[in-house]
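Q: If you scroll down you'll find the structure; I have some questions about it.
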Amino acid sequence: MSQASAPAGGSAVSLRGVAKTYANGVVALDRVDFDVFPGEFVSLLGPSGCGKSTVLRIIAGLSEPTDGTVAWPHPDMTAGARETSFVFQEPTLMPWATVTGNVRLPLDLQGLDRATAAPRVEAALARVGLTDFADVYPRELSGGMKMRVSIARALVTEPALLLMDEPFAALDEITRFKLNDDLLSLWASLGKTVVFVTHSVFESVYLSSRVVVMTPRPGRIFTELAVDAPYPRDQRFRTSAEYGALCARASEALAAAGEES
Amino acid sequence: MSREPAGPRGRGEDVLRVVLPIALLGFGVLIWDLVVRLKGIPPYVLPGPGLVLTTLVSDWPILSDSLLVTLVTTFEGFVLAFLGGVGLALLFNLSRLVEYSLYPYAVILQVTPVVAIAPLLLIYLPQQGAVLACAWIVAFFPVLANTTLGLNSVDHNLIDLFRLYGASRGQVLWRLKLPAALPYILGGLKIAGGLSLIGAVVAEIAAGAAGAGSGLAYRISESGYRLNIPRMFAALVLLSVAGILIYFALSFLSHLMLRRWHESAISREV
């Protein structure tokens with residue numbers, strides 16, 4: 001937790017020389033230096049198997065790095081990984097609990113009583129537009145709605161840092177676009193820091209203020225790309241020449257990263 | 001996506017599912033009655049269905065006492081199988097070492113025919129205890145095997161999620177593993193209910209010669225020695241009905257507990 005090792009003293013999370021080798025000898029990550037700055041929306045872009053999910057799991061504390069350090073220099077992040085929420089690729093809902101029960105889970109686990117939790121759960125559901133579905137079971141929801149529940153659950157603890165592991169990869173394009181827009185407006189209104197893992201160039205450029213491109217096997221940070229286009233972004237940005245040019249640059253970087261390895 | 005009962009076609013099929021077996025039963029009973037009447041078969045070889053029914057009524061005082069004895073044993077065996085099966089599975093889930101040490105013996109207990117164990121148990125245990133032990137031995141394994149499978153089938157991402165929010169072991173067990181295992185546990189119980197009855201009956205038959213027993217199976221073997229064939233049939237009918245009722249009761253319980261969320265309990269509109 002030493003701040004001295006982090007040149008960017010203000011970063012929310014700071015990874016220095018982080019490596020991860022699995023027990024079977026696979027080197028998932030090799031000396032990754034990566035900073036997440038407060039309030040930014042940063043995407044980790046790379047092909048499958050480049051270790052981008054591993055970076056996310058290490059930040060969340062779900063996986064231990066075999067080498068290197070994870071530090072939380074920013075004063076808002078003193079609780080470290082406990083200030084984070086995680087959204088998985090699958091909605092990862094408990095089928096036996098209603099939407100409300102699922103969203104309330106993190107608060108239940110913290111030992112909050114229902115009366116205290118109820119307004120926070122309602123607020124989280126309202127943010128993702130699912131107020132009318134509070135008492136429904138997950139199986140009755142569409143894929144996009146399940147993912148909204150998953151996001152509401154991640155927001156209910158009011159985390160400083162939101163980690164998202166290809167959350168929309170399994171959704172159809174129409175739903176994905178809609179959820180991308182909703183996520184951006186949530187981000188704008190809540191002021192959270194988001195780390196978003198994706199293998200989609202278009203998604204990463206549309207959403208992020210910064211795109212970090214990774215190389216596969218072993219996973220390394222190859223380069224990064226600032227996306228300076230102003231928020232709010234909408235359909236006009238998606239069809240603009242600027243967006244197209246940025247996507248082209250990101251694609252080139254991704255292709256070069258593939259050759260690098 | 002609908003939770004409504006299935007449409008007209010589904011309802012028609014539901015009716016058929018009830019009517020067809022009953023019609024077949026009626027047809028079978030009719031043939032049975034005709035064969036007995038036309039061939040003039042004596043009741044000590046094959047009693048007609050009418051005689052079995054009158055015996056059931058006239059011997060009801062004896063038979064109902066025996067039925068109660070068998071049902072109580074079955075119920076006790078079932079409850080012990082539930083507690084033992086789920087308890088052992090939880091223990092296995094907490095400790096791999098315990099699982100490695102004990103699981104083979106659970107399997108051995110299961111694959112050794114209970115008919116062969118019953119006489120031994122009758123030597124070492126009081127009769128009621130031996131009968132109960134047999135009911136338990138037969139019934140607990142499906143509960144154990146199913147619960148173990150259920151506890152190991154929890155979504156890995158959900159486990160990660162619980163870890164992320166710092167859930168205690170108790171919270172993981174109570175809020176995640178047990179609910180996830182519930183459909184499996186209920187499936188095991190459905191099998192265990194019938195098996196518990198079988199275990200009780202087998203042990204009663206084995207104990208039969210010892211005399212003190214008064215369960216339904218004992219009535220069957222006793223009536224056999226006395227060539228009271230109608231009563232054998234009457235007792236057999238009672239056993240079957242008991243088994244059917246146990247199965248339906250457990251299916252209904254399972255439906256009640258799963259109907260709102262589990263795929264198995266939700267009728268789909270085609």
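Chain lettering (A, B, ...) mirrors the order of the structure tokens, residue numbering begins at 1 for each chain separately, and ligand numbering begins at 1 in order of display.
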With a distance threshold of 9 Å and counting only C-alpha atoms, extract the residues of chain B near chain A and express them as a count of residues only.
A: 24
Q: Please provide as a short mmCIF file (atom, residue, chain, number, x, y, z; two decimals) with C-alpha atoms, in the first residue's frame all residues within 6 Å of range 64-79 of chain B, with the sequence filter that same-chain residues fewer than 4 positions apart are discarded (counting only C-alpha atoms).
A:
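After the write, around-v2.cif holds the following:
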data_model
loop_
_atom_site.label_atom_id
_atom_site.label_comp_id
_atom_site.auth_asym_id
_atom_site.auth_seq_id
_atom_site.Cartn_x
_atom_site.Cartn_y
_atom_site.Cartn_z
CA TRP B 60 -59.35 -52.77 8.65
CA LEU B 132 -35.56 -48.23 11.20
CA ALA B 135 -35.18 -47.77 6.14
CA TRP B 136 -32.42 -45.26 6.79
CA SER B 196 -37.63 -45.55 2.98
CA LEU B 197 -40.89 -47.47 2.64
CA SER B 214 -46.78 -55.90 13.43
CA GLY B 215 -46.08 -53.82 10.34
CA LEU B 216 -47.86 -54.35 7.03
#
Q: Check the smallest atom-to-atom distance from each of B:Pro61, B:Gly243, B:Pro21, B:Gly85 to Ile137 in chain B using only C-alpha atoms, then report the winner.
A: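 Closest to Ile137 in chain B of all the choices is B:Gly85.
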Q: Could you give me the residues within range 7-234 of chain A that DSSP places in alpha helix (DSSP H), as a PDB file with N, CA and C atoms, in the first residue's frame?
A:
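Generated file (part-v3.pdb):
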ATOM      1  N   LYS A  52      -6.972  -9.543 -19.759  1.00  0.00           N
ATOM      2  CA  LYS A  52      -7.637  -8.310 -19.305  1.00  0.00           C
ATOM      3  C   LYS A  52      -8.606  -8.584 -18.156  1.00  0.00           C
ATOM      4  N   SER A  53      -9.274  -9.746 -18.218  1.00  0.00           N
ATOM      5  CA  SER A  53     -10.147 -10.099 -17.098  1.00  0.00           C
ATOM      6  C   SER A  53      -9.346 -10.352 -15.836  1.00  0.00           C
ATOM      7  N   THR A  54      -8.136 -10.907 -16.020  1.00  0.00           N
ATOM      8  CA  THR A  54      -7.281 -11.166 -14.866  1.00  0.00           C
ATOM      9  C   THR A  54      -6.908  -9.863 -14.163  1.00  0.00           C
ATOM     10  N   VAL A  55      -6.622  -8.817 -14.961  1.00  0.00           N
ATOM     11  CA  VAL A  55      -6.328  -7.506 -14.367  1.00  0.00           C
ATOM     12  C   VAL A  55      -7.489  -7.067 -13.479  1.00  0.00           C
ATOM     13  N   LEU A  56      -8.700  -7.238 -14.014  1.00  0.00           N
ATOM     14  CA  LEU A  56      -9.892  -6.821 -13.281  1.00  0.00           C
ATOM     15  C   LEU A  56     -10.055  -7.618 -11.994  1.00  0.00           C
ATOM     16  N   ARG A  57      -9.825  -8.936 -12.095  1.00  0.00           N
ATOM     17  CA  ARG A  57      -9.987  -9.799 -10.914  1.00  0.00           C
ATOM     18  C   ARG A  57      -8.939  -9.477  -9.856  1.00  0.00           C
ATOM     19  N   ILE A  58      -7.743  -9.082 -10.308  1.00  0.00           N
ATOM     20  CA  ILE A  58      -6.699  -8.726  -9.339  1.00  0.00           C
ATOM     21  C   ILE A  58      -7.056  -7.418  -8.640  1.00  0.00           C
ATOM     22  N   ILE A  59      -7.588  -6.454  -9.404  1.00  0.00           N
ATOM     23  CA  ILE A  59      -8.016  -5.203  -8.769  1.00  0.00           C
ATOM     24  C   ILE A  59      -9.106  -5.476  -7.735  1.00  0.00           C
ATOM     25  N   ALA A  60     -10.033  -6.389  -8.090  1.00  0.00           N
ATOM     26  CA  ALA A  60     -11.160  -6.676  -7.202  1.00  0.00           C
ATOM     27  C   ALA A  60     -10.748  -7.508  -5.987  1.00  0.00           C
ATOM     28  N   VAL A  99     -35.894  -9.763  -8.099  1.00  0.00           N
ATOM     29  CA  VAL A  99     -35.004  -8.674  -8.500  1.00  0.00           C
ATOM     30  C   VAL A  99     -34.568  -7.883  -7.261  1.00  0.00           C
ATOM     31  N   THR A 100     -35.537  -7.558  -6.415  1.00  0.00           N
ATOM     32  CA  THR A 100     -35.205  -6.832  -5.184  1.00  0.00           C
ATOM     33  C   THR A 100     -34.213  -7.619  -4.336  1.00  0.00           C
ATOM     34  N   GLY A 101     -34.487  -8.907  -4.160  1.00  0.00           N
ATOM     35  CA  GLY A 101     -33.603  -9.744  -3.344  1.00  0.00           C
ATOM     36  C   GLY A 101     -32.197  -9.780  -3.902  1.00  0.00           C
ATOM     37  N   ASN A 102     -32.085  -9.837  -5.225  1.00  0.00           N
ATOM     38  CA  ASN A 102     -30.772  -9.870  -5.849  1.00  0.00           C
ATOM     39  C   ASN A 102     -30.019  -8.562  -5.651  1.00  0.00           C
ATOM     40  N   VAL A 103     -30.736  -7.457  -5.838  1.00  0.00           N
ATOM     41  CA  VAL A 103     -30.069  -6.157  -5.713  1.00  0.00           C
ATOM     42  C   VAL A 103     -29.698  -5.892  -4.247  1.00  0.00           C
ATOM     43  N   ARG A 104     -30.502  -6.424  -3.326  1.00  0.00           N
ATOM     44  CA  ARG A 104     -30.249  -6.176  -1.914  1.00  0.00           C
ATOM     45  C   ARG A 104     -29.080  -7.012  -1.369  1.00  0.00           C
ATOM     46  N   LEU A 105     -28.686  -8.047  -2.134  1.00  0.00           N
ATOM     47  CA  LEU A 105     -27.687  -8.997  -1.626  1.00  0.00           C
ATOM     48  C   LEU A 105     -26.451  -8.367  -0.981  1.00  0.00           C
ATOM     49  N   PRO A 106     -25.771  -7.404  -1.663  1.00  0.00           N
ATOM     50  CA  PRO A 106     -24.560  -6.855  -1.037  1.00  0.00           C
ATOM     51  C   PRO A 106     -24.855  -6.210   0.314  1.00  0.00           C
ATOM     52  N   LEU A 107     -26.029  -5.582   0.431  1.00  0.00           N
ATOM     53  CA  LEU A 107     -26.387  -4.942   1.697  1.00  0.00           C
ATOM     54  C   LEU A 107     -26.716  -5.993   2.748  1.00  0.00           C
ATOM     55  N   ASP A 108     -27.408  -7.074   2.334  1.00  0.00           N
ATOM     56  CA  ASP A 108     -27.686  -8.187   3.249  1.00  0.00           C
ATOM     57  C   ASP A 108     -26.389  -8.743   3.813  1.00  0.00           C
ATOM     58  N   LEU A 109     -25.401  -8.919   2.917  1.00  0.00           N
ATOM     59  CA  LEU A 109     -24.136  -9.519   3.349  1.00  0.00           C
ATOM     60  C   LEU A 109     -23.388  -8.597   4.303  1.00  0.00           C
ATOM     61  N   ARG A 114     -33.460  -4.833   6.589  1.00  0.00           N
ATOM     62  CA  ARG A 114     -34.232  -4.599   5.361  1.00  0.00           C
ATOM     63  C   ARG A 114     -34.774  -3.182   5.266  1.00  0.00           C
ATOM     64  N   ALA A 115     -35.207  -2.645   6.393  1.00  0.00           N
ATOM     65  CA  ALA A 115     -35.810  -1.311   6.366  1.00  0.00           C
ATOM     66  C   ALA A 115     -34.790  -0.269   5.899  1.00  0.00           C
ATOM     67  N   THR A 116     -33.542  -0.421   6.359  1.00  0.00           N
ATOM     68  CA  THR A 116     -32.499   0.516   5.950  1.00  0.00           C
ATOM     69  C   THR A 116     -32.125   0.295   4.492  1.00  0.00           C
ATOM     70  N   ALA A 117     -32.140  -0.981   4.085  1.00  0.00           N
ATOM     71  CA  ALA A 117     -31.695  -1.303   2.729  1.00  0.00           C
ATOM     72  C   ALA A 117     -32.734  -0.898   1.685  1.00  0.00           C
ATOM     73  N   ALA A 118     -34.020  -0.975   2.049  1.00  0.00           N
ATOM     74  CA  ALA A 118     -35.094  -0.814   1.057  1.00  0.00           C
ATOM     75  C   ALA A 118     -34.968   0.456   0.199  1.00  0.00           C
ATOM     76  N   PRO A 119     -34.803   1.636   0.803  1.00  0.00           N
ATOM     77  CA  PRO A 119     -34.716   2.835  -0.059  1.00  0.00           C
ATOM     78  C   PRO A 119     -33.514   2.798  -0.992  1.00  0.00           C
ATOM     79  N   ARG A 120     -32.414   2.210  -0.531  1.00  0.00           N
ATOM     80  CA  ARG A 120     -31.224   2.153  -1.393  1.00  0.00           C
ATOM     81  C   ARG A 120     -31.449   1.201  -2.555  1.00  0.00           C
ATOM     82  N   VAL A 121     -32.141   0.084  -2.275  1.00  0.00           N
ATOM     83  CA  VAL A 121     -32.449  -0.857  -3.346  1.00  0.00           C
ATOM     84  C   VAL A 121     -33.382  -0.204  -4.358  1.00  0.00           C
ATOM     85  N   GLU A 122     -34.400   0.497  -3.843  1.00  0.00           N
ATOM     86  CA  GLU A 122     -35.334   1.173  -4.752  1.00  0.00           C
ATOM     87  C   GLU A 122     -34.608   2.194  -5.612  1.00  0.00           C
ATOM     88  N   ALA A 123     -33.699   2.935  -5.000  1.00  0.00           N
ATOM     89  CA  ALA A 123     -32.966   3.952  -5.754  1.00  0.00           C
ATOM     90  C   ALA A 123     -32.126   3.306  -6.847  1.00  0.00           C
ATOM     91  N   ALA A 124     -31.462   2.198  -6.512  1.00  0.00           N
ATOM     92  CA  ALA A 124     -30.615   1.523  -7.498  1.00  0.00           C
ATOM     93  C   ALA A 124     -31.461   0.993  -8.646  1.00  0.00           C
ATOM     94  N   LEU A 125     -32.641   0.440  -8.320  1.00  0.00           N
ATOM     95  CA  LEU A 125     -33.524  -0.078  -9.373  1.00  0.00           C
ATOM     96  C   LEU A 125     -34.043   1.061 -10.245  1.00  0.00           C
ATOM     97  N   ALA A 126     -34.343   2.192  -9.611  1.00  0.00           N
ATOM     98  CA  ALA A 126     -34.840   3.327 -10.380  1.00  0.00           C
ATOM     99  C   ALA A 126     -33.770   3.804 -11.356  1.00  0.00           C
ATOM    100  N   ARG A 127     -32.521   3.785 -10.935  1.00  0.00           N
ATOM    101  CA  ARG A 127     -31.434   4.252 -11.801  1.00  0.00           C
ATOM    102  C   ARG A 127     -31.325   3.429 -13.080  1.00  0.00           C
ATOM    103  N   GLY A 143     -32.455 -10.855 -21.434  1.00  0.00           N
ATOM    104  CA  GLY A 143     -31.023 -10.775 -21.155  1.00  0.00           C
ATOM    105  C   GLY A 143     -30.577  -9.369 -20.773  1.00  0.00           C
ATOM    106  N   GLY A 144     -31.083  -8.377 -21.497  1.00  0.00           N
ATOM    107  CA  GLY A 144     -30.701  -6.995 -21.214  1.00  0.00           C
ATOM    108  C   GLY A 144     -31.187  -6.544 -19.847  1.00  0.00           C
ATOM    109  N   MET A 145     -32.413  -6.965 -19.487  1.00  0.00           N
ATOM    110  CA  MET A 145     -32.953  -6.578 -18.185  1.00  0.00           C
ATOM    111  C   MET A 145     -32.180  -7.258 -17.052  1.00  0.00           C
ATOM    112  N   LYS A 146     -31.803  -8.508 -17.274  1.00  0.00           N
ATOM    113  CA  LYS A 146     -30.997  -9.189 -16.245  1.00  0.00           C
ATOM    114  C   LYS A 146     -29.704  -8.422 -16.002  1.00  0.00           C
ATOM    115  N   MET A 147     -29.095  -7.954 -17.107  1.00  0.00           N
ATOM    116  CA  MET A 147     -27.844  -7.218 -16.959  1.00  0.00           C
ATOM    117  C   MET A 147     -28.072  -5.908 -16.210  1.00  0.00           C
ATOM    118  N   ARG A 148     -29.233  -5.282 -16.422  1.00  0.00           N
ATOM    119  CA  ARG A 148     -29.551  -4.077 -15.662  1.00  0.00           C
ATOM    120  C   ARG A 148     -29.643  -4.375 -14.168  1.00  0.00           C
ATOM    121  N   VAL A 149     -30.246  -5.528 -13.849  1.00  0.00           N
ATOM    122  CA  VAL A 149     -30.336  -5.920 -12.429  1.00  0.00           C
ATOM    123  C   VAL A 149     -28.928  -6.059 -11.865  1.00  0.00           C
ATOM    124  N   SER A 150     -28.066  -6.701 -12.669  1.00  0.00           N
ATOM    125  CA  SER A 150     -26.691  -6.909 -12.245  1.00  0.00           C
ATOM    126  C   SER A 150     -25.987  -5.568 -11.988  1.00  0.00           C
ATOM    127  N   ILE A 151     -26.266  -4.597 -12.851  1.00  0.00           N
ATOM    128  CA  ILE A 151     -25.653  -3.271 -12.677  1.00  0.00           C
ATOM    129  C   ILE A 151     -26.236  -2.569 -11.441  1.00  0.00           C
ATOM    130  N   ALA A 152     -27.566  -2.713 -11.259  1.00  0.00           N
ATOM    131  CA  ALA A 152     -28.194  -2.120 -10.072  1.00  0.00           C
ATOM    132  C   ALA A 152     -27.572  -2.691  -8.802  1.00  0.00           C
ATOM    133  N   ARG A 153     -27.318  -4.006  -8.802  1.00  0.00           N
ATOM    134  CA  ARG A 153     -26.702  -4.641  -7.639  1.00  0.00           C
ATOM    135  C   ARG A 153     -25.299  -4.065  -7.390  1.00  0.00           C
ATOM    136  N   ALA A 154     -24.572  -3.810  -8.497  1.00  0.00           N
ATOM    137  CA  ALA A 154     -23.227  -3.262  -8.343  1.00  0.00           C
ATOM    138  C   ALA A 154     -23.273  -1.837  -7.806  1.00  0.00           C
ATOM    139  N   LEU A 155     -24.352  -1.089  -8.137  1.00  0.00           N
ATOM    140  CA  LEU A 155     -24.427   0.308  -7.719  1.00  0.00           C
ATOM    141  C   LEU A 155     -24.947   0.473  -6.299  1.00  0.00           C
ATOM    142  N   GLU A 173     -27.022  -6.576 -30.517  1.00  0.00           N
ATOM    143  CA  GLU A 173     -26.433  -5.253 -30.743  1.00  0.00           C
ATOM    144  C   GLU A 173     -27.356  -4.118 -30.318  1.00  0.00           C
ATOM    145  N   ILE A 174     -28.650  -4.278 -30.585  1.00  0.00           N
ATOM    146  CA  ILE A 174     -29.603  -3.210 -30.238  1.00  0.00           C
ATOM    147  C   ILE A 174     -29.595  -2.989 -28.727  1.00  0.00           C
ATOM    148  N   THR A 175     -29.685  -4.101 -27.994  1.00  0.00           N
ATOM    149  CA  THR A 175     -29.671  -4.012 -26.531  1.00  0.00           C
ATOM    150  C   THR A 175     -28.355  -3.454 -26.037  1.00  0.00           C
ATOM    151  N   ARG A 176     -27.272  -3.857 -26.701  1.00  0.00           N
ATOM    152  CA  ARG A 176     -25.953  -3.409 -26.262  1.00  0.00           C
ATOM    153  C   ARG A 176     -25.807  -1.893 -26.422  1.00  0.00           C
ATOM    154  N   PHE A 177     -26.249  -1.393 -27.570  1.00  0.00           N
ATOM    155  CA  PHE A 177     -26.183   0.059 -27.786  1.00  0.00           C
ATOM    156  C   PHE A 177     -26.975   0.794 -26.718  1.00  0.00           C
ATOM    157  N   LYS A 178     -28.166   0.269 -26.442  1.00  0.00           N
ATOM    158  CA  LYS A 178     -29.032   0.917 -25.458  1.00  0.00           C
ATOM    159  C   LYS A 178     -28.350   0.924 -24.080  1.00  0.00           C
ATOM    160  N   LEU A 179     -27.779  -0.229 -23.710  1.00  0.00           N
ATOM    161  CA  LEU A 179     -27.141  -0.313 -22.398  1.00  0.00           C
ATOM    162  C   LEU A 179     -25.873   0.528 -22.347  1.00  0.00           C
ATOM    163  N   ASN A 180     -25.161   0.632 -23.494  1.00  0.00           N
ATOM    164  CA  ASN A 180     -23.992   1.513 -23.542  1.00  0.00           C
ATOM    165  C   ASN A 180     -24.389   2.946 -23.211  1.00  0.00           C
ATOM    166  N   ASP A 181     -25.486   3.404 -23.858  1.00  0.00           N
ATOM    167  CA  ASP A 181     -25.950   4.773 -23.611  1.00  0.00           C
ATOM    168  C   ASP A 181     -26.365   4.949 -22.149  1.00  0.00           C
ATOM    169  N   ASP A 182     -27.102   3.945 -21.631  1.00  0.00           N
ATOM    170  CA  ASP A 182     -27.554   4.040 -20.241  1.00  0.00           C
ATOM    171  C   ASP A 182     -26.372   4.061 -19.281  1.00  0.00           C
ATOM    172  N   LEU A 183     -25.364   3.258 -19.604  1.00  0.00           N
ATOM    173  CA  LEU A 183     -24.189   3.209 -18.736  1.00  0.00           C
ATOM    174  C   LEU A 183     -23.486   4.555 -18.721  1.00  0.00           C
ATOM    175  N   LEU A 184     -23.387   5.178 -19.908  1.00  0.00           N
ATOM    176  CA  LEU A 184     -22.731   6.489 -19.967  1.00  0.00           C
ATOM    177  C   LEU A 184     -23.497   7.533 -19.158  1.00  0.00           C
ATOM    178  N   SER A 185     -24.837   7.494 -19.222  1.00  0.00           N
ATOM    179  CA  SER A 185     -25.554   8.511 -18.463  1.00  0.00           C
ATOM    180  C   SER A 185     -25.472   8.220 -16.964  1.00  0.00           C
ATOM    181  N   LEU A 186     -25.429   6.934 -16.588  1.00  0.00           N
ATOM    182  CA  LEU A 186     -25.209   6.596 -15.172  1.00  0.00           C
ATOM    183  C   LEU A 186     -23.861   7.136 -14.711  1.00  0.00           C
ATOM    184  N   TRP A 187     -22.854   6.915 -15.558  1.00  0.00           N
ATOM    185  CA  TRP A 187     -21.499   7.337 -15.220  1.00  0.00           C
ATOM    186  C   TRP A 187     -21.450   8.855 -15.059  1.00  0.00           C
ATOM    187  N   ALA A 188     -22.149   9.552 -15.989  1.00  0.00           N
ATOM    188  CA  ALA A 188     -22.151  11.010 -15.940  1.00  0.00           C
ATOM    189  C   ALA A 188     -22.856  11.507 -14.672  1.00  0.00           C
ATOM    190  N   SER A 189     -23.941  10.846 -14.286  1.00  0.00           N
ATOM    191  CA  SER A 189     -24.702  11.365 -13.154  1.00  0.00           C
ATOM    192  C   SER A 189     -24.099  10.928 -11.815  1.00  0.00           C
ATOM    193  N   LEU A 190     -23.426   9.782 -11.768  1.00  0.00           N
ATOM    194  CA  LEU A 190     -22.935   9.284 -10.485  1.00  0.00           C
ATOM    195  C   LEU A 190     -21.482   9.654 -10.222  1.00  0.00           C
ATOM    196  N   VAL A 201     -13.677  -3.084 -30.242  1.00  0.00           N
ATOM    197  CA  VAL A 201     -13.067  -1.779 -30.511  1.00  0.00           C
ATOM    198  C   VAL A 201     -14.129  -0.687 -30.438  1.00  0.00           C
ATOM    199  N   PHE A 202     -15.266  -0.958 -31.081  1.00  0.00           N
ATOM    200  CA  PHE A 202     -16.308   0.071 -31.186  1.00  0.00           C
ATOM    201  C   PHE A 202     -16.873   0.435 -29.823  1.00  0.00           C
ATOM    202  N   GLU A 203     -17.089  -0.582 -29.011  1.00  0.00           N
ATOM    203  CA  GLU A 203     -17.631  -0.340 -27.684  1.00  0.00           C
ATOM    204  C   GLU A 203     -16.646   0.461 -26.842  1.00  0.00           C
ATOM    205  N   SER A 204     -15.364   0.069 -26.908  1.00  0.00           N
ATOM    206  CA  SER A 204     -14.377   0.733 -26.055  1.00  0.00           C
ATOM    207  C   SER A 204     -14.238   2.206 -26.432  1.00  0.00           C
ATOM    208  N   VAL A 205     -14.218   2.500 -27.736  1.00  0.00           N
ATOM    209  CA  VAL A 205     -14.055   3.893 -28.161  1.00  0.00           C
ATOM    210  C   VAL A 205     -15.299   4.705 -27.802  1.00  0.00           C
ATOM    211  N   TYR A 206     -16.459   4.105 -27.991  1.00  0.00           N
ATOM    212  CA  TYR A 206     -17.700   4.834 -27.720  1.00  0.00           C
ATOM    213  C   TYR A 206     -17.799   5.229 -26.243  1.00  0.00           C
ATOM    214  N   LEU A 207     -17.411   4.322 -25.364  1.00  0.00           N
ATOM    215  CA  LEU A 207     -17.654   4.534 -23.946  1.00  0.00           C
ATOM    216  C   LEU A 207     -16.560   5.339 -23.257  1.00  0.00           C
TER     217      LEU A 207
END
Q: Select, from B:Val154, B:Leu189, B:Asn146, B:Pro230, the residue with the minimum atom-to-atom distance to Ala249 in chain B, counting only C-alpha atoms.
A: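 Distance minimum relative to Ala249 in chain B lands on B:Leu189.
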Q: Please list as a PyMOL selection string every residue within 8 Å of Lys192 in chain A, counting only C-alpha atoms and excluding residues in the same chain fewer than 4 positions away.
A: chain A and resi 38-40+159-162+187
Q: Can I get the selection written as a CSV table (one decimal), in the first residue's frame, with N, CA and C atoms?
A:
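Contents of out.csv, as written:
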chain,number,residue,atom,x,y,z
A,38,PRO,N,-9.2,8.8,-10.8
A,38,PRO,CA,-10.5,9.0,-10.3
A,38,PRO,C,-11.4,9.6,-11.3
A,39,GLY,N,-12.6,9.1,-11.5
A,39,GLY,CA,-13.6,9.7,-12.3
A,39,GLY,C,-13.5,9.3,-13.8
A,40,GLU,N,-12.5,8.6,-14.2
A,40,GLU,CA,-12.4,8.3,-15.6
A,40,GLU,C,-13.1,7.1,-16.0
A,159,PRO,N,-20.3,2.1,-4.8
A,159,PRO,CA,-18.8,1.9,-4.8
A,159,PRO,C,-18.1,3.1,-5.5
A,160,ALA,N,-16.9,3.3,-5.1
A,160,ALA,CA,-16.1,4.4,-5.8
A,160,ALA,C,-15.6,3.9,-7.2
A,161,LEU,N,-15.5,2.6,-7.3
A,161,LEU,CA,-14.9,2.1,-8.5
A,161,LEU,C,-15.8,0.9,-9.0
A,162,LEU,N,-16.1,1.0,-10.3
A,162,LEU,CA,-17.0,0.0,-10.9
A,162,LEU,C,-16.2,-0.8,-11.9
A,187,TRP,N,-22.9,6.9,-15.6
A,187,TRP,CA,-21.5,7.3,-15.2
A,187,TRP,C,-21.5,8.9,-15.1
Q: Leaving out Met257 in chain B and any residue of its chain fewer than 4 positions from it, which residues lie within 10 Å of it when counting only C-alpha atoms, given as a list in words?
A: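 Neighbouring residues, sequence-local ones excluded: Trp96 of chain A; Leu182, Pro183, Leu186, Ser251, Phe252, Leu253, Trp261, His262 and Ala265 of chain B.
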Q: Write the selection just made, keeping N, CA and C atoms, as a PDB file, in the first residue's frame?
A:
ATOM      1  N   TRP A  96     -33.321 -17.932  -7.324  1.00  0.00           N
ATOM      2  CA  TRP A  96     -34.347 -18.142  -6.302  1.00  0.00           C
ATOM      3  C   TRP A  96     -34.775 -16.837  -5.624  1.00  0.00           C
TER       4      TRP A  96
ATOM      5  N   LEU B 182     -31.127 -26.692  -3.396  1.00  0.00           N
ATOM      6  CA  LEU B 182     -32.494 -27.082  -3.034  1.00  0.00           C
ATOM      7  C   LEU B 182     -33.180 -27.991  -4.063  1.00  0.00           C
ATOM      8  N   PRO B 183     -33.128 -27.661  -5.367  1.00  0.00           N
ATOM      9  CA  PRO B 183     -33.788 -28.556  -6.321  1.00  0.00           C
ATOM     10  C   PRO B 183     -33.208 -29.970  -6.284  1.00  0.00           C
ATOM     11  N   LEU B 186     -34.425 -31.724  -3.044  1.00  0.00           N
ATOM     12  CA  LEU B 186     -35.823 -32.154  -3.166  1.00  0.00           C
ATOM     13  C   LEU B 186     -35.935 -33.374  -4.081  1.00  0.00           C
ATOM     14  N   SER B 251     -43.698 -34.767  -4.178  1.00  0.00           N
ATOM     15  CA  SER B 251     -43.711 -34.003  -5.422  1.00  0.00           C
ATOM     16  C   SER B 251     -44.376 -32.664  -5.205  1.00  0.00           C
ATOM     17  N   PHE B 252     -45.462 -32.690  -4.424  1.00  0.00           N
ATOM     18  CA  PHE B 252     -46.198 -31.452  -4.164  1.00  0.00           C
ATOM     19  C   PHE B 252     -45.330 -30.483  -3.358  1.00  0.00           C
ATOM     20  N   LEU B 253     -44.648 -31.032  -2.357  1.00  0.00           N
ATOM     21  CA  LEU B 253     -43.743 -30.195  -1.555  1.00  0.00           C
ATOM     22  C   LEU B 253     -42.688 -29.546  -2.453  1.00  0.00           C
ATOM     23  N   TRP B 261     -39.316 -20.219  -9.137  1.00  0.00           N
ATOM     24  CA  TRP B 261     -38.061 -19.878  -9.804  1.00  0.00           C
ATOM     25  C   TRP B 261     -37.394 -21.000 -10.577  1.00  0.00           C
ATOM     26  N   HIS B 262     -37.698 -22.265 -10.268  1.00  0.00           N
ATOM     27  CA  HIS B 262     -36.899 -23.304 -10.925  1.00  0.00           C
ATOM     28  C   HIS B 262     -37.560 -23.821 -12.189  1.00  0.00           C
ATOM     29  N   ALA B 265     -40.211 -26.661 -12.322  1.00  0.00           N
ATOM     30  CA  ALA B 265     -41.537 -26.536 -11.732  1.00  0.00           C
ATOM     31  C   ALA B 265     -42.420 -25.564 -12.500  1.00  0.00           C
TER      32      ALA B 265
END
Q: Give me, as a PyMOL selection string, all polymer residues having an atom no more than 12 Å from Ala145 in chain B, counting only C-alpha atoms and skipping those fewer than 6 positions away in the same chain.
A: chain B and resi 81-82+84-90+92-93+99+103-104+106-107+110+139+151-152+181+184-189+191-192
